[in-house]
Amino acid sequence: MDARTIDKSRLPSRHVTEGPERAPHRSYYYAMGLSKQQIHQPFVGVASCWNEAAPCNIALMRQAQFVKAGVAHASGTPREFCTVTVTDGIAMGHQGMKSSLVSREVIADSVEVTMRGHGYDALVGLAGCDKSLPGMMMAMVRLNVPSVFIYGGSILPGTFKGNPVTVQDVFEAVGQHSVGKFSDVDLEELEQVACPSVGSCGAQFTANTMATVSEAIGLALPYSAGAPAPYEIRNQFCMAAGEQVMELLRRNIRPRDIVTIKALENAATVVAASGGSTNAALHLPAIANECGIKFDLYDVAEIFKKTPYIADLKPGGRYVAKDMFEAGGIPLLMKTLLDEGFLHGDCITVTGRTIAENLEKVKWNPEQDVVRRASKPITKTGGVVGLSGNLAPEGAIVKVAGMKNQVFSGPARCFDSEELCFKAVEDRKYKQGEVLVIRYEGPRGGPGMREMLSTTALLYGQGMGDKVALITDGRFSGATRGFCIGHVGPEAAVGGPIALLRDGDTISIDATKGTISVELDDAELARRKEAWTPRETDYQSGVLWKYAQQVGPAYAGAVTHPGAQVEVVSYADL
């Protein structure tokens with residue numbers, strides 16, 4: 001493809017490279033070694049979430065070089081930049097987790113301001129850890145310039161005493177260690193072997209869930225999201241992404257042409273079918289908001305309700321992302337869903353072709369047992385379920401993949417922070433049959449809507465994962481398993497029913513019917529609400545304070561701005 005086939009007079013970069021008045025601007029590009037030809041070609045932002053915080057992101061800078069080579073090969077001029085990432089595995093279990101969901105907004109905002117400030121014409125975004133994937137996709141649809149998403153790839157599984165392990169096993173080993181079932185020596189050995197390579201957490205936790213979404217929603221090239229980070233084939237995917245974004249630019253195919261209501265429904269379908277993270281129910285509405293599309297928790301839950309669970313992936317199943325890639329990748333999962341009528345095949349993708357066209361030559365692999373046929377699922381309903389009731393008028397979410405019992409009832413045991421609950425669990429000051437309630441951890445009340453993996457993994461490690469339930473207005477990690485209900489809304493900070501609970505109140509949860517309720521009548525809830533007073537957080541300045549002032553409810557994606565619905569003009573058309 002020749003760059004001369006692209007009319008730069010309509011592209012954002014004309015504002016920084018074209019005409020005599022832009023001579024000062026061009027002088028900066030000459031200072032960086034660009035040629036006259038490169039300056040007058042389309043500019044492609046190559047945004048990565050590279051940092052040295054964790055293995056999820058450490059390989060992204062290397063992969064970005066192959067993206068840049070692809071852009072240059074297709075007669076574009078790549079401009080690389082980085083944005084932040086907060087890595088959940090390291091932020092987990094302490095105050096640092098309050099930064100995690102906030103980072104999604106910071107990533108989207110920082111990519112936006114970089115692209116706007118420098119007038120880039122297209123975007124290739126590389127992301128690794130949990131919030132960086134939706135954050136990057138949000139930026140793409142917000143800017144609406146031709147874009148391709150690239151996942152950095154998953155980590156390889158570790159081996160402990162001859163068995164494959166992931167970081168989930170380390171979190172749960174802490175619980176086993178606390179009750180004397182895991183020795184100091186074994187814990188030290190496990191932590192040293194659980195994460196043997198670069199890449200994001202290997203099971204169907206949030207990163208791999210959103211990577212699966214990136215292909216299903218149409219923003220990533222087929223197969224690109226499944227290849228593990230250490231595999232050399234990732235370089236080919238990155239090169240292809242750089243070349244393809246130039247083709248999208250030539251054809252003026254934009255993210256909002258791709259991310260439609262049907263594409264969002266496809267994304268929710270693959271989450272349920274793969275037993276993915278409950279966090280997807282937060283991120284899909286946020287992506288939809290950037291397109292001006294209403295697609296909230298209730299819409300996601302409707303898709304979950306009718307989707308079969310077919311991918312036998314950890315934490316509910318047996319396999320990790322590497323295994324699914326080698327069995328046939330995300331296209332294998334999508335193909336059987338399409339064949340059985342669960343996907344919209346007419347959605348356009350970054351290939352320039354539809355989902356159905358992309359999957360036309362994908363053949364079923366009968367030699368593998370990672371993915372079942374959609375006509376012969378593990379269970380007939382999805383691995384993730386939406387709940388509602390008088391305890392959650394704005395809904396809640398639970399991952400049921402791998403759960404045998406989906407009905408629970410018991411007395412509430414209330415905690416006003418994760419730390420208080422974790423301490424009670426650590427000291428075993430709770431009883432079998434209780435419903436542990438962690439509140440004031442919502443988007444506004446946290447602030448930041450923390451994940452509770454440390455607490456849930458401790459419970460599971462103690463052998464109590466199916467003997468108690470846990471509900472919160474915060475979130476759960478994709479690695480969480482057991483009867484754990486998150487996103488309970490309205491959150492406690494705004495006086496939702498979860499704030500009105502008292503120790504001993506009977507809570508009933510039925511994931512088969514999709515209900516969550518407390519045995520209190522409306523009059524009693526009203527009396528308690530009258531006596532309730534809001535709580536101040538410890539964060540009265542800085543980014544967490546700013547986030548708390550702006551963030552909306554979890555059911556709508558915990559977003560911080562009105563989205564495309566009120567947009568006057570898109571950046572791509574400036």
# chains A, B, ... in the order shown; residues from 1 in each chain; ligands from 1

call {"tool": "closest_atom_pairs", "arguments": {"of": "range 96-125 of chain A", "to": "range 75-83 of chain A", "cutoff": "10 Å", "atoms": "only C-alpha atoms", "output": "tab-separated table"}}
result
residue	atom	partner	partner_atom	distance
A:Ser103	CA	A:Thr83	CA	9.8
A:Val106	CA	A:Thr83	CA	8.4
A:Ile107	CA	A:Thr83	CA	6.1
A:Ala108	CA	A:Thr83	CA	9.0
A:Asp109	CA	A:Thr83	CA	9.6
A:Ser110	CA	A:Thr83	CA	6.6
A:Val111	CA	A:Thr83	CA	6.9
A:Thr114	CA	A:Phe81	CA	8.2
A:Met115	CA	A:Phe81	CA	9.7
A:His118	CA	A:Arg79	CA	9.7
A:Tyr120	CA	A:Arg79	CA	8.3
A:Asp121	CA	A:Gly76	CA	9.8
A:Ala122	CA	A:Pro78	CA	9.4
A:Leu123	CA	A:Pro78	CA	9.2
A:Val124	CA	A:Pro78	CA	9.3
A:Gly125	CA	A:Cys82	CA	9.7

call {"tool": "select_by_dssp", "arguments": {"residues": "range 55-202 of chain A", "states": "alpha helix (DSSP H)", "output": "ChimeraX atom specification"}}
result
/A:60-73,88-91,100-118,132-143,167-178,184-193

call {"tool": "write_last_selection", "arguments": {"atoms": "C-alpha atoms", "output": "short mmCIF file (atom, residue, chain, number, x, y, z; two decimals), in the first residue's frame"}}
result
data_model
loop_
_atom_site.label_atom_id
_atom_site.label_comp_id
_atom_site.auth_asym_id
_atom_site.auth_seq_id
_atom_site.Cartn_x
_atom_site.Cartn_y
_atom_site.Cartn_z
CA LEU A 60 5.38 -4.85 25.52
CA MET A 61 8.23 -2.54 24.49
CA ARG A 62 9.84 -5.34 22.49
CA GLN A 63 6.54 -6.15 20.82
CA ALA A 64 5.96 -2.47 20.03
CA GLN A 65 9.06 -2.48 17.83
CA PHE A 66 7.45 -5.05 15.55
CA VAL A 67 4.26 -2.98 15.40
CA LYS A 68 6.36 0.01 14.35
CA ALA A 69 8.08 -2.07 11.67
CA GLY A 70 4.67 -3.07 10.33
CA VAL A 71 3.48 0.54 10.21
CA ALA A 72 6.66 1.64 8.44
CA HIS A 73 6.45 -1.25 5.96
CA ASP A 88 -3.43 -6.20 40.08
CA GLY A 89 -1.37 -9.13 41.30
CA ILE A 90 0.96 -6.72 43.06
CA ALA A 91 -1.69 -4.16 44.06
CA SER A 100 -6.37 -0.43 39.90
CA LEU A 101 -9.75 0.54 38.43
CA VAL A 102 -8.71 4.19 38.52
CA SER A 103 -5.83 3.23 36.20
CA ARG A 104 -8.32 2.16 33.52
CA GLU A 105 -9.53 5.76 33.27
CA VAL A 106 -5.99 7.16 33.47
CA ILE A 107 -4.88 4.90 30.62
CA ALA A 108 -7.80 5.91 28.39
CA ASP A 109 -7.35 9.58 29.28
CA SER A 110 -3.56 9.60 28.78
CA VAL A 111 -3.79 7.87 25.40
CA GLU A 112 -6.44 10.40 24.41
CA VAL A 113 -4.40 13.45 25.41
CA THR A 114 -1.25 12.12 23.74
CA MET A 115 -3.06 11.41 20.49
CA ARG A 116 -4.91 14.75 20.58
CA GLY A 117 -1.84 16.77 21.54
CA HIS A 118 0.27 15.45 18.67
CA SER A 132 -4.95 -1.81 30.64
CA LEU A 133 -6.92 -3.88 28.11
CA PRO A 134 -10.29 -2.15 28.54
CA GLY A 135 -8.51 1.17 29.09
CA MET A 136 -6.79 0.89 25.71
CA MET A 137 -9.97 -0.23 23.94
CA MET A 138 -11.88 2.65 25.55
CA ALA A 139 -9.32 5.08 24.14
CA MET A 140 -9.70 3.58 20.68
CA VAL A 141 -13.46 4.00 20.48
CA ARG A 142 -13.31 7.39 22.21
CA LEU A 143 -10.85 8.80 19.66
CA VAL A 167 -0.38 -17.38 40.56
CA GLN A 168 -3.87 -18.37 41.78
CA ASP A 169 -2.27 -21.41 43.43
CA VAL A 170 0.11 -19.11 45.29
CA PHE A 171 -2.71 -16.95 46.63
CA GLU A 172 -4.59 -20.04 47.76
CA ALA A 173 -1.43 -21.56 49.24
CA VAL A 174 -1.31 -18.59 51.61
CA GLY A 175 -4.67 -19.77 52.97
CA GLN A 176 -3.43 -23.35 53.29
CA HIS A 177 -0.29 -22.08 55.01
CA SER A 178 -2.42 -20.15 57.53
CA ASP A 184 7.19 -22.60 54.78
CA VAL A 185 9.52 -24.51 52.45
CA ASP A 186 6.77 -25.44 50.01
CA LEU A 187 5.37 -21.91 49.95
CA GLU A 188 8.81 -20.51 49.18
CA GLU A 189 9.33 -23.03 46.39
CA LEU A 190 5.86 -22.41 44.92
CA GLU A 191 6.31 -18.65 44.77
CA GLN A 192 9.58 -19.15 42.89
CA VAL A 193 8.16 -21.44 40.18
#

call {"tool": "residues_around", "arguments": {"residues": "range 265-269 of chain A", "least_positions_apart": "5", "cutoff": "10 Å", "atoms": "only C-alpha atoms", "output": "PyMOL selection string"}}
result
chain A and resi 209-210+212-218+259-260+274+276+280-281+284+295+299-309+334+337-338+342-345+347+355+382+384

call {"tool": "closest_residue", "arguments": {"among": "A:Gly162, A:Pro196, A:Gly93, A:Ala531", "to": "Leu420 in chain A", "atoms": "only C-alpha atoms"}}
result
A:Gly93

call {"tool": "closest_atom_pairs", "arguments": {"of": "range 302-365 of chain A", "to": "range 239-252 of chain A", "cutoff": "8 Å", "atoms": "only C-alpha atoms", "output": "tab-separated table"}}
result
residue	atom	partner	partner_atom	distance
A:Val350	CA	A:Leu248	CA	7.2
A:Thr351	CA	A:Gln244	CA	7.3
A:Gly352	CA	A:Leu248	CA	7.4

call {"tool": "write_last_selection", "arguments": {"atoms": "N, CA and C atoms", "output": "compact mmCIF listing (two decimals), in the first residue's frame"}}
result
# COMPACT_ATOMS: atom_id res chain seq x y z
N VAL A 350 -11.42 -5.64 12.49
CA VAL A 350 -10.23 -4.92 12.00
C VAL A 350 -9.59 -5.59 10.78
N THR A 351 -10.00 -6.79 10.45
CA THR A 351 -9.50 -7.39 9.21
C THR A 351 -10.17 -6.76 7.99
N GLY A 352 -11.24 -6.01 8.21
CA GLY A 352 -12.03 -5.49 7.10
C GLY A 352 -13.10 -6.47 6.67

call {"tool": "closest_residue", "arguments": {"among": "A:Leu574, A:Leu458, A:Val494, A:Ala74", "to": "Thr480 in chain A", "atoms": "only C-alpha atoms"}}
result
A:Leu458

call {"tool": "atom_distance", "arguments": {"atom1": "CA of Gly446 in chain A", "atom2": "CA of Gly465 in chain A"}}
result
24.5 Å

call {"tool": "residues_around", "arguments": {"residues": "Gly119 in chain A", "least_positions_apart": "5", "cutoff": "8 Å", "atoms": "only C-alpha atoms", "output": "PyMOL selection string"}}
result
chain A and resi 12-16+43

call {"tool": "select_by_dssp", "arguments": {"residues": "range 236-469 of chain A", "states": "strand (DSSP E or B)", "output": "PyMOL selection string"}}
result
chain A and resi 309+311+313+319+348+354+371+379+384-389+392-399+407-415+435-438+451+469

call {"tool": "residues_around", "arguments": {"residues": "Gly329 in chain A", "least_positions_apart": "2", "cutoff": "6 Å", "atoms": "only C-alpha atoms", "output": "PyMOL selection string"}}
result
chain A and resi 223+226+324-325+331-332

call {"tool": "atom_distance", "arguments": {"atom1": "CA of Asp323 in chain A", "atom2": "CA of Ser224 in chain A"}}
result
14.5 Å

call {"tool": "closest_residue", "arguments": {"among": "A:Ala374, A:Cys201, A:Leu313, A:Ala59", "to": "Asp339 in chain A", "atoms": "only C-alpha atoms"}}
result
A:Ala374

call {"tool": "closest_residue", "arguments": {"among": "A:Cys414, A:Ala392, A:Ala548, A:Leu436", "to": "Thr560 in chain A", "atoms": "only C-alpha atoms"}}
result
A:Ala548

call {"tool": "residues_around", "arguments": {"residues": "Ile516 in chain A", "least_positions_apart": "2", "cutoff": "9 Å", "atoms": "only C-alpha atoms", "output": "MDAnalysis selection string"}}
result
chainID A and resid 387:392 395:396 507:511 514 518

call {"tool": "write_last_selection", "arguments": {"atoms": "C-alpha atoms", "output": "PDB file, in the first residue's frame"}}
result
ATOM      1  CA  LEU A 387     -28.210 -11.204  40.147  1.00  0.00           C
ATOM      2  CA  SER A 388     -30.784  -8.721  41.413  1.00  0.00           C
ATOM      3  CA  GLY A 389     -33.159  -8.331  44.340  1.00  0.00           C
ATOM      4  CA  ASN A 390     -33.877  -6.096  47.304  1.00  0.00           C
ATOM      5  CA  LEU A 391     -30.229  -6.291  48.380  1.00  0.00           C
ATOM      6  CA  ALA A 392     -28.994  -5.286  44.910  1.00  0.00           C
ATOM      7  CA  GLY A 395     -27.650  -5.684  40.223  1.00  0.00           C
ATOM      8  CA  ALA A 396     -24.698  -7.842  41.201  1.00  0.00           C
ATOM      9  CA  ILE A 507     -29.212 -13.203  53.122  1.00  0.00           C
ATOM     10  CA  SER A 508     -30.353 -15.566  50.381  1.00  0.00           C
ATOM     11  CA  ILE A 509     -28.583 -16.025  47.045  1.00  0.00           C
ATOM     12  CA  ASP A 510     -29.829 -18.156  44.165  1.00  0.00           C
ATOM     13  CA  ALA A 511     -27.570 -18.065  41.103  1.00  0.00           C
ATOM     14  CA  GLY A 514     -30.513 -14.844  39.481  1.00  0.00           C
ATOM     15  CA  VAL A 518     -32.157  -9.951  52.526  1.00  0.00           C
TER      16      VAL A 518
END

call {"tool": "residues_around", "arguments": {"residues": "Val371 in chain A", "least_positions_apart": "2", "cutoff": "7 Å", "atoms": "only C-alpha atoms", "output": "list in words"}}
result
Ile310, Ala311, Asp312, Leu333, Asp369 and Arg373 of chain A

call {"tool": "write_last_selection", "arguments": {"atoms": "C-alpha atoms", "output": "PDB file, in the first residue's frame"}}
result
ATOM      1  CA  ILE A 310     -17.945 -24.394  26.929  1.00  0.00           C
ATOM      2  CA  ALA A 311     -14.274 -23.569  27.690  1.00  0.00           C
ATOM      3  CA  ASP A 312     -12.728 -25.703  30.433  1.00  0.00           C
ATOM      4  CA  LEU A 333     -14.325 -20.980  20.674  1.00  0.00           C
ATOM      5  CA  ASP A 369     -10.916 -31.165  25.114  1.00  0.00           C
ATOM      6  CA  ARG A 373     -18.958 -27.762  21.132  1.00  0.00           C
TER       7      ARG A 373
END

call {"tool": "closest_residue", "arguments": {"among": "A:Ile498, A:Met452, A:Ala554, A:Val569", "to": "Ile397 in chain A", "atoms": "only C-alpha atoms"}}
result
A:Ala554

call {"tool": "atom_distance", "arguments": {"atom1": "CA of Arg450 in chain A", "atom2": "CA of Gly552 in chain A"}}
result
15.2 Å

call {"tool": "closest_residue", "arguments": {"among": "A:Ala356, A:Leu453, A:Gln565, A:Ala412", "to": "Leu500 in chain A", "atoms": "only C-alpha atoms"}}
result
A:Ala412
